[in-house]
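Quick look at upload15.txt (compact mmCIF, C-alpha atoms):
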```txt
# COMPACT_ATOMS: atom_id res chain seq x y z
CA MET A 141 130.45 113.26 52.02
CA VAL A 142 132.98 111.24 54.04
CA PHE A 143 132.68 108.94 57.00
CA ASN A 144 133.26 110.63 60.34
CA HIS A 145 136.27 108.93 61.90
CA LYS A 146 135.75 110.53 65.31
CA LEU A 147 134.41 108.21 68.01
CA THR A 148 132.70 110.89 70.10
CA ASN A 149 130.15 113.61 69.43
CA ASP A 150 131.12 117.23 69.02
CA GLU A 151 128.99 120.40 68.76
CA THR A 152 127.97 119.79 65.15
CA SER A 153 128.30 116.08 64.47
CA TYR A 154 127.70 112.61 65.92
CA GLY A 155 130.77 110.45 66.51
CA TRP A 156 130.62 106.92 65.12
CA GLY A 157 130.24 105.48 68.66
CA PRO A 158 126.74 106.88 69.27
CA VAL A 159 125.86 106.34 65.58
CA PHE A 160 126.84 102.68 65.81
CA MET A 161 124.80 102.22 69.02
CA HIS A 162 121.80 103.99 67.44
CA TRP A 163 121.68 101.68 64.42
CA LEU A 164 122.47 98.58 66.44
CA MET A 165 119.41 99.31 68.61
CA ALA A 166 117.30 100.33 65.60
CA PHE A 167 117.86 97.02 63.79
CA ALA A 168 117.51 94.98 66.98
CA ILE A 169 114.17 96.63 67.84
CA ILE A 170 112.85 96.36 64.28
CA GLY A 171 113.73 92.65 64.38
CA LEU A 172 112.50 91.94 67.92
CA TYR A 173 108.97 93.21 67.38
CA PRO A 174 107.91 90.76 64.63
CA LEU A 175 109.95 88.07 66.40
CA GLY A 176 107.71 88.57 69.44
CA TRP A 177 104.61 88.07 67.29
CA TYR A 178 106.19 85.01 65.71
CA ILE A 179 106.92 83.47 69.13
CA GLU A 180 103.22 83.79 69.99
CA THR A 181 102.34 81.63 66.97
CA LEU A 182 104.86 78.85 67.69
CA ASP A 183 103.36 75.42 68.24
CA TYR A 184 104.51 73.19 71.05
CA TYR A 185 106.00 70.76 68.53
CA ASP A 186 107.73 73.45 66.47
CA PRO A 187 111.52 72.91 66.34
CA ALA A 188 111.92 76.68 66.90
CA TYR A 189 109.90 76.48 70.15
CA LYS A 190 113.07 76.14 72.22
CA THR A 191 115.40 78.45 70.29
CA VAL A 192 113.62 81.57 68.99
CA PRO A 193 112.42 82.71 72.45
CA VAL A 194 116.05 82.46 73.66
CA TRP A 195 117.15 84.74 70.81
CA HIS A 196 114.34 87.20 71.55
CA LYS A 197 115.28 87.41 75.22
CA SER A 198 119.03 87.54 74.58
CA ILE A 199 118.83 90.27 71.92
CA GLY A 200 116.50 92.15 74.29
CA ILE A 201 119.10 91.98 77.06
CA LEU A 202 121.75 93.28 74.64
CA VAL A 203 119.42 96.16 73.73
CA ALA A 204 119.06 96.97 77.44
CA MET A 205 122.84 96.99 77.87
CA THR A 206 123.28 99.22 74.79
CA LEU A 207 120.59 101.56 76.12
CA LEU A 208 122.40 101.94 79.45
CA LEU A 209 125.68 102.61 77.64
CA ARG A 210 123.95 105.21 75.43
CA ILE A 211 122.46 107.00 78.45
CA VAL A 212 125.83 107.10 80.22
CA TRP A 213 127.50 108.25 76.98
CA ARG A 214 124.91 111.03 76.61
CA ILE A 215 125.70 112.30 80.09
CA PHE A 216 129.45 112.57 79.44
CA ASN A 217 129.40 113.37 75.72
CA LYS A 218 126.44 115.52 74.68
CA PRO A 219 124.88 115.02 71.25
CA PRO A 220 125.32 117.86 68.75
CA ALA A 221 122.90 120.80 68.81
CA ALA A 222 119.62 120.25 66.96
CA LEU A 223 119.42 121.59 63.44
CA PRO A 224 117.18 124.68 63.08
CA GLN A 225 113.49 123.92 62.61
CA PRO A 226 110.17 125.45 63.80
CA ALA A 227 109.79 125.40 67.59
CA PRO A 228 106.73 123.07 67.72
CA LEU A 229 108.52 120.49 65.53
CA LEU A 230 111.65 120.75 67.66
CA PHE A 231 109.51 120.17 70.74
CA ILE A 232 107.78 117.12 69.18
CA ALA A 233 111.17 115.72 68.11
CA LYS A 234 112.54 116.08 71.65
CA MET A 235 109.42 114.46 73.11
CA ALA A 236 109.67 111.58 70.66
CA HIS A 237 113.35 111.01 71.49
CA GLY A 238 112.59 111.00 75.22
CA LEU A 239 109.68 108.60 74.68
CA LEU A 240 111.85 106.24 72.62
CA TYR A 241 114.36 105.96 75.46
CA LEU A 242 111.57 105.47 78.01
CA LEU A 243 109.69 102.88 75.93
CA VAL A 244 112.83 100.84 75.24
CA LEU A 245 113.49 100.84 78.98
CA LEU A 246 109.90 99.80 79.83
CA THR A 247 109.88 97.11 77.13
CA VAL A 248 113.05 95.42 78.36
CA ILE A 249 112.01 95.70 82.03
CA SER A 250 108.56 94.17 81.38
CA GLY A 251 110.10 91.42 79.23
CA TYR A 252 112.56 90.60 82.01
CA LEU A 253 109.68 90.49 84.52
CA ILE A 254 107.80 87.89 82.42
CA SER A 255 110.73 85.51 82.23
CA THR A 256 111.74 85.95 85.87
CA ALA A 257 108.21 85.96 87.35
CA ASP A 258 108.74 82.74 89.34
CA GLY A 259 112.25 83.58 90.54
CA ARG A 260 113.98 81.76 87.68
CA ALA A 261 116.95 83.54 86.09
CA ILE A 262 116.85 84.84 82.51
CA GLU A 263 119.52 83.50 80.16
CA LEU A 264 121.72 85.45 77.77
CA PHE A 265 122.25 82.96 74.89
CA ASN A 266 122.48 80.17 77.50
CA LEU A 267 125.85 81.64 78.48
CA ILE A 268 125.10 84.01 81.34
CA SER A 269 122.19 83.88 83.81
CA LEU A 270 120.76 87.17 85.04
CA PRO A 271 119.00 86.57 88.38
CA ALA A 272 115.36 87.42 89.08
CA LEU A 273 114.33 90.15 91.49
CA PRO A 274 114.15 88.97 95.13
CA PHE A 275 110.37 89.51 95.22
CA GLU A 276 107.41 88.52 93.06
CA ILE A 277 104.08 90.18 92.30
CA ASP A 278 100.84 88.17 92.05
CA ASN A 279 100.24 87.10 88.44
CA GLN A 280 103.45 88.90 87.53
CA GLU A 281 103.87 86.98 84.25
CA ASP A 282 100.38 87.94 83.02
CA ILE A 283 100.58 91.61 84.08
CA ALA A 284 104.12 92.03 82.73
CA GLY A 285 102.99 90.30 79.52
CA GLU A 286 100.18 92.80 78.94
CA ILE A 287 102.54 95.72 79.65
CA HIS A 288 105.26 94.24 77.39
CA PHE A 289 102.83 94.10 74.47
CA ILE A 290 101.50 97.64 75.01
CA VAL A 291 104.88 99.34 75.46
CA ALA A 292 106.53 97.36 72.62
CA THR A 293 103.71 98.34 70.26
CA SER A 294 103.99 101.99 71.37
CA LEU A 295 107.75 101.81 70.87
CA ILE A 296 107.53 100.47 67.31
CA SER A 297 104.87 103.11 66.50
CA ILE A 298 106.98 106.03 67.79
CA ALA A 299 110.01 104.53 66.03
CA ALA A 300 108.03 104.54 62.76
CA LEU A 301 107.16 108.21 63.33
CA HIS A 302 110.84 108.88 64.13
CA ALA A 303 111.90 107.20 60.85
CA ALA A 304 109.27 109.09 58.85
CA ALA A 305 110.48 112.37 60.39
CA ALA A 306 114.09 111.53 59.47
CA LEU A 307 113.05 110.91 55.86
CA LYS A 308 111.07 114.17 55.86
CA HIS A 309 114.21 116.04 57.00
CA HIS A 310 116.26 114.33 54.28
CA PHE A 311 113.93 114.57 51.31
CA ILE A 312 111.66 117.55 52.04
CA ASP A 313 113.72 119.87 54.27
CA LYS A 314 116.92 118.66 52.54
CA ASP A 315 118.94 119.16 55.74
CA THR A 316 121.66 116.91 57.21
CA THR A 317 119.63 115.33 60.04
CA LEU A 318 119.76 111.81 58.56
CA LYS A 319 123.30 112.17 57.21
CA ARG A 320 124.54 113.17 60.67
CA MET A 321 123.07 109.97 62.08
CA LEU A 322 124.90 107.99 59.39
CA ALA A 323 128.15 109.57 60.63
CA LEU A 324 128.59 111.35 57.33
CA ARG A 325 130.02 114.85 57.27
CA GLU A 326 130.85 117.46 54.62
CA GLU A 327 134.11 116.84 52.77
CA THR A 328 135.17 120.47 53.19
CA GLU A 329 135.67 120.05 56.96
CA MET B 833 67.35 66.05 137.70
CA LYS B 834 71.06 66.69 137.45
CA THR B 835 71.81 63.28 135.98
CA LYS B 836 68.95 63.74 133.53
CA LEU B 837 70.51 66.99 132.32
CA ILE B 838 73.92 65.40 131.97
CA LYS B 839 72.36 62.48 130.11
CA GLY B 840 70.59 64.89 127.81
CA LEU B 841 73.77 66.86 127.14
CA THR B 842 75.71 63.68 126.49
CA LEU B 843 73.06 62.55 124.04
CA ALA B 844 73.11 65.93 122.31
CA THR B 845 76.89 65.76 122.03
CA LEU B 846 76.68 62.24 120.67
CA ILE B 847 74.14 63.28 118.07
CA SER B 848 76.10 66.29 116.94
CA ALA B 849 79.33 64.31 116.75
CA SER B 850 77.94 61.15 115.22
CA PRO B 851 78.07 60.25 111.56
CA LEU B 852 74.66 58.61 111.82
CA TYR B 853 72.85 61.55 110.26
CA ALA B 854 73.31 63.06 106.79
CA ALA B 855 75.53 66.07 107.16
CA ASP B 856 76.73 69.00 105.14
CA TYR B 857 80.41 69.68 104.89
CA VAL B 858 82.39 72.66 103.68
CA ILE B 859 85.59 71.82 101.81
CA ASP B 860 88.54 72.93 103.93
CA THR B 861 90.17 75.27 101.43
CA LYS B 862 90.70 77.80 104.22
CA GLY B 863 93.16 75.49 105.95
CA ALA B 864 94.26 74.07 102.56
CA HIS B 865 93.40 70.48 103.44
CA ALA B 866 92.09 70.00 99.95
CA SER B 867 93.71 70.23 96.55
CA ILE B 868 92.87 70.05 92.85
CA GLU B 869 95.96 68.83 91.08
CA PHE B 870 96.53 67.80 87.52
CA ARG B 871 98.91 65.35 85.96
CA VAL B 872 99.66 65.23 82.25
CA SER B 873 102.22 63.23 80.35
CA HIS B 874 105.18 65.22 79.04
CA LEU B 875 105.90 63.69 75.61
CA GLY B 876 105.16 60.25 77.06
CA ILE B 877 108.41 60.54 79.01
CA SER B 878 107.40 61.84 82.43
CA TRP B 879 104.54 63.39 84.40
CA LEU B 880 104.07 67.11 84.60
CA THR B 881 102.03 68.14 87.62
CA GLY B 882 100.43 71.33 88.83
CA ARG B 883 97.27 72.55 90.48
CA PHE B 884 94.49 75.08 90.73
CA ASN B 885 95.28 77.03 93.87
CA THR B 886 91.87 78.66 94.38
CA PHE B 887 88.55 76.83 94.62
CA ASN B 888 85.69 76.34 97.04
CA GLY B 889 82.79 74.03 97.55
CA ASP B 890 80.69 71.93 99.85
CA PHE B 891 79.26 68.45 99.95
CA SER B 892 76.76 66.21 101.70
CA TYR B 893 77.80 62.85 102.98
CA ASP B 894 76.32 60.22 105.23
CA ALA B 895 78.22 57.00 105.86
CA LYS B 896 74.91 55.18 106.41
CA ASN B 897 73.42 56.38 103.16
CA PRO B 898 76.35 57.18 100.84
CA ALA B 899 74.18 57.00 97.70
CA ALA B 900 72.63 60.32 98.80
CA SER B 901 76.01 62.08 98.68
CA SER B 902 76.39 65.20 96.58
CA ILE B 903 79.02 67.85 95.93
CA ASN B 904 79.37 71.29 94.36
CA VAL B 905 82.76 72.77 93.58
CA GLU B 906 83.77 76.01 91.87
CA VAL B 907 87.32 76.43 90.60
CA ASP B 908 89.11 79.68 89.83
CA VAL B 909 90.81 78.70 86.57
CA THR B 910 93.06 81.77 86.69
CA SER B 911 94.79 80.18 89.69
CA PHE B 912 96.37 77.56 87.40
CA ASP B 913 99.88 76.92 88.70
CA SER B 914 102.46 74.61 87.14
CA ASN B 915 105.40 76.12 89.06
CA HIS B 916 106.74 77.78 85.91
CA ALA B 917 105.69 81.37 85.15
CA GLU B 918 106.13 81.25 81.37
CA ARG B 919 104.20 77.98 81.12
CA ASN B 920 101.46 79.35 83.40
CA LYS B 921 101.12 82.39 81.13
CA HIS B 922 101.02 80.14 78.06
CA ILE B 923 98.40 77.74 79.45
CA ARG B 924 96.23 80.55 80.92
CA GLY B 925 96.39 82.35 77.57
CA ASP B 926 93.94 82.16 74.68
CA LYS B 927 95.61 79.12 73.12
CA TYR B 928 94.66 76.85 75.97
CA LEU B 929 92.54 77.59 79.07
CA ASN B 930 91.70 81.13 77.88
CA VAL B 931 91.00 82.21 81.46
CA GLU B 932 89.99 85.70 80.40
CA ALA B 933 86.95 84.26 78.59
CA HIS B 934 86.39 81.32 80.96
CA PRO B 935 87.61 82.30 84.44
CA THR B 936 85.68 79.66 86.38
CA ALA B 937 85.05 75.93 86.14
CA SER B 938 82.51 74.05 88.19
CA PHE B 939 81.42 70.55 89.08
CA LYS B 940 77.89 69.69 90.23
CA SER B 941 77.25 66.07 91.11
CA THR B 942 74.25 64.22 89.70
CA SER B 943 74.64 60.75 91.26
CA PHE B 944 76.90 58.70 93.48
CA THR B 945 77.24 54.94 93.15
CA PRO B 946 78.88 53.66 96.33
CA ASN B 947 81.11 50.63 96.55
CA ALA B 948 81.77 48.42 99.60
CA ASP B 949 84.72 50.32 101.12
CA GLY B 950 83.20 53.79 101.36
CA GLY B 951 84.23 55.00 97.91
CA GLY B 952 82.38 54.87 94.63
CA VAL B 953 81.81 56.66 91.39
CA MET B 954 80.67 60.28 91.51
CA LYS B 955 78.97 61.41 88.34
CA GLY B 956 78.25 65.04 87.63
CA MET B 957 78.31 67.92 85.22
CA LEU B 958 81.69 69.54 84.72
CA THR B 959 81.73 73.02 83.22
CA LEU B 960 85.13 73.88 81.82
CA TYR B 961 86.14 76.25 79.02
CA GLY B 962 82.48 77.24 78.78
CA THR B 963 81.45 73.67 77.91
CA THR B 964 79.39 71.43 80.20
CA LYS B 965 79.77 67.66 80.00
CA GLU B 966 78.98 64.72 82.22
CA VAL B 967 82.07 63.16 83.80
CA ALA B 968 82.69 60.36 86.30
CA ILE B 969 85.15 60.59 89.19
CA ASP B 970 86.54 57.49 90.90
CA VAL B 971 86.31 58.27 94.60
CA ASN B 972 88.08 56.64 97.54
CA LYS B 973 87.17 57.42 101.11
CA VAL B 974 90.32 58.24 103.06
CA GLY B 975 88.98 58.74 106.57
CA GLU B 976 86.39 60.25 108.86
CA GLY B 977 86.33 61.39 112.47
CA GLU B 978 86.68 64.10 115.06
CA ASP B 979 89.56 66.51 114.73
CA PRO B 980 91.51 67.71 117.82
CA TRP B 981 89.80 71.13 117.78
CA GLY B 982 86.17 70.15 118.29
CA GLY B 983 85.22 69.70 114.67
CA TYR B 984 84.27 66.71 112.58
CA ARG B 985 85.87 65.90 109.27
CA VAL B 986 85.65 63.45 106.42
CA GLY B 987 88.08 63.13 103.52
CA PHE B 988 88.09 61.62 100.06
CA SER B 989 90.48 61.33 97.19
CA GLY B 990 89.50 60.91 93.59
CA THR B 991 90.78 60.82 90.06
CA LEU B 992 89.08 62.28 87.04
CA GLU B 993 90.30 61.48 83.55
CA LEU B 994 89.75 64.51 81.34
CA THR B 995 90.12 64.95 77.62
CA PRO B 996 90.61 68.69 77.08
CA LYS B 997 89.77 68.32 73.36
CA GLU B 998 86.23 67.24 74.31
CA PHE B 999 85.80 70.58 76.05
CA GLY B 1000 87.04 72.47 73.00
CA MET B 1001 90.70 73.02 73.87
CA ASN B 1002 92.48 72.11 70.67
CA TYR B 1003 96.05 73.24 71.21
CA GLU B 1004 98.36 70.43 70.12
CA LEU B 1005 100.33 69.07 73.07
CA GLY B 1006 100.94 65.72 71.41
CA PRO B 1007 99.33 62.26 71.57
CA ALA B 1008 100.66 61.44 75.04
CA ALA B 1009 99.03 64.56 76.50
CA GLU B 1010 95.49 63.98 75.25
CA THR B 1011 94.34 62.81 78.65
CA VAL B 1012 94.76 64.99 81.72
CA TYR B 1013 94.40 63.27 85.09
CA MET B 1014 92.85 65.43 87.77
CA ASP B 1015 93.94 64.24 91.22
CA LEU B 1016 91.48 65.47 93.80
CA ASN B 1017 91.92 65.58 97.55
CA ILE B 1018 88.84 66.76 99.36
CA GLU B 1019 88.58 67.19 103.12
CA GLY B 1020 85.34 68.57 104.47
CA ILE B 1021 84.53 70.12 107.85
CA ARG B 1022 81.02 69.44 109.04
CA LYS B 1023 78.92 72.59 109.12
```

Since I need it in another form, could you write the structure as structure tokens?
Amino acid sequence: MVFNHKLTNDETSYGWGPVFMHWLMAFAIIGLYPLGWYIETLDYYDPAYKTVPVWHKSIGILVAMTLLLRIVWRIFNKPPAALPQPAPLLFIAKMAHGLLYLLVLLTVISGYLISTADGRAIELFNLISLPALPFEIDNQEDIAGEIHFIVATSLISIAALHAAAALKHHFIDKDTTLKRMLALREETE
Amino acid sequence: MKTKLIKGLTLATLISASPLYAADYVIDTKGAHASIEFRVSHLGISWLTGRFNTFNGDFSYDAKNPAASSINVEVDVTSFDSNHAERNKHIRGDKYLNVEAHPTASFKSTSFTPNADGGGVMKGMLTLYGTTKEVAIDVNKVGEGEDPWGGYRVGFSGTLELTPKEFGMNYELGPAAETVYMDLNIEGIRK
């Protein structure tokens, strides 16, 4: 096994570009979910009251940017063909991948709508301000908050299924599904 | 005959427009000439203000017999507005007002002790956060008279000092924020 030095995908392997974006988002999402729970528990007088929510929002914005880049990348540089597996499993895998993209998108949109519900901008590490939408919905912060919780919880659940499936491919099917996503390829090539 | 009729009409107009008789008023929330605002100290450094946008109520008032005054008000707690969406969400949430469990608050007066200049102390039962307690509101009369559109109005302002902890809200906002001042502006249109 060697590291794949190619940036882009080809017909059989992932380039390190998409692999890097995949893991960047994976770690960000795994971190953001408990961080969201933690923010809910923060007391008014907690020193973290002013900082941790900024990190949560800023990392979330970076996830959104990475997601957009991944979608554009996918359009111009297709991922490699799926490894052979029974048709129903292939179908479930494709559904899960589609859902993951959709749920990340819905989570970041609903999060943005909480913070910008009164027309205030959302800050990226107090460096850049992203403006609010030019219109508001009644009780936007409460509605967006409910949606944010539901879609984020769905996202982390599907992501857990996705991780379990990857481990099943690696340890039970003994195929290269997980290795491909680590940008590892056979030394013979 | 004609003069008699005119006299009668004039008298009727006088009666209907005069404050001599006890009258029922509806609080002018439709025209938003009434407000329920709050004021709470931010860390002992400044005042944070906001309001409950949605409420309704009515009252009885007679300038000749102010001790007989009474009022009923119902407040939609979900309409809490501090002009900051994230704070609104936080305060409406289960750590503070918990509006999902307690969506309405109400005040029903029990007695009014008038003072010399038209104001007084309005006592009554305040239901907030599912807890009912007797509270006293310092009331000032602001004015009374005919409006330009054929109606008759009277207006009061008042301040109520509230201790949210006494109603069961225990979220720690610090020692300076233990008392919340409710600033009330109530204009009524005679029914």

- Note on the structure: What separates CA of Ala855 (chain B) and CA of Lys940 (chain B) is a distance of 17.5 Å

- Item | Nearby residues (only C-alpha atoms) at most 7 Å from Tyr1003 (chain B), same-chain spacing under 2 positions excluded, as number ranges by chain | B: 927-928, 1001, 1005

With 7 Å as the cut-off and all atoms listed in the file counted, what is the closest atom pair between each nearby residue of chain A and chain B? Distances in Å to one decimal, ordered by chain and number, as JSON lines.
```
{"residue": "A:Tyr184", "atom": "CA", "partner": "B:Leu1005", "partner_atom": "CA", "distance": 6.2}
{"residue": "A:Ile254", "atom": "CA", "partner": "B:Glu918", "partner_atom": "CA", "distance": 6.9}
{"residue": "A:Ser255", "atom": "CA", "partner": "B:Glu918", "partner_atom": "CA", "distance": 6.3}
{"residue": "A:Ala257", "atom": "CA", "partner": "B:Ala917", "partner_atom": "CA", "distance": 5.7}
{"residue": "A:Asp258", "atom": "CA", "partner": "B:Ala917", "partner_atom": "CA", "distance": 5.4}
{"residue": "A:Glu281", "atom": "CA", "partner": "B:Ala917", "partner_atom": "CA", "distance": 6.0}
{"residue": "A:Asp282", "atom": "CA", "partner": "B:Lys921", "partner_atom": "CA", "distance": 5.9}
```

- Task: Name the closest residue to Lys896 (chain B) among the candidates B:Val872, B:Ala948, B:Ile859, B:Ile923; distances are taken between atoms, counting all atoms listed in the file.
- Result: B:Ala948

- Query: Which value, in Å to one decimal, gives the distance between CA of Leu318 (chain A) and CA of His162 (chain A)?
  - Reply: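 Those two atoms sit 12.0 Å apart.
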
- Can you tell me, as a ChimeraX atom specification, what residues are no more than 10 Å from His309 (chain A) when counting only C-alpha atoms, ignoring any on the same chain fewer than 6 positions away? /A:223,225,303,315-319

- Message: Under the rule that all atoms listed in the file are counted, which of B:Lys955, B:His934, B:Lys965, B:Arg1022 is the nearest residue to Gly990 (chain B)?
- Response: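 Of B:Lys955, B:His934, B:Lys965, B:Arg1022, the one nearest Gly990 (chain B), counting all atoms listed in the file, is B:Lys955.
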
- Considering only C-alpha atoms, state which residue in the set B:Ala866, B:Ala937, B:Val986, B:Leu875 is at the smallest distance from Thr964 (chain B).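 Among the listed residues, B:Ala937 lies closest to Thr964 (chain B).
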
- Task: Would you kindly identify which residues have an atom no farther than 12 Å from (116.0, 107.7, 56.8), using only C-alpha atoms and the file's own coordinates, and write them out as a PyMOL selection string?
- Result: chain A and resi 163+166+299-312+314-322

Can you tell me, as AutoDock Vina command-line options, the centre and edge lengths (Å, one decimal) of the axis-aligned box enclosing all of region 216-227 of chain A's listed atoms after padding each side by 5 Å?
```
--center_x 119.6 --center_y 119.0 --center_z 71.0 --size_x 29.7 --size_y 22.9 --size_z 26.8
```

- Separation of CA of Phe887 (chain B) and CA of Asn279 (chain A), in Å?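 Taking CA of Phe887 (chain B) as the start and CA of Asn279 (chain A) as the end point, the length is 16.7 Å.
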
- Please check which residues have atoms at most 10 Å from (113.3, 90.9, 84.3) in the file's coordinates, counting only C-alpha atoms, and write them as a ChimeraX atom specification. /A:197,201,248-257,259-262,270-273,284

- Query: Which is closer to Val858 (chain B) than all the others in B:Ser938, B:Tyr1013, B:Ile1018, B:Pro996, using only C-alpha atoms?
  - Reply: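 Of B:Ser938, B:Tyr1013, B:Ile1018, B:Pro996, the one nearest Val858 (chain B) is B:Ile1018, counting only C-alpha atoms.
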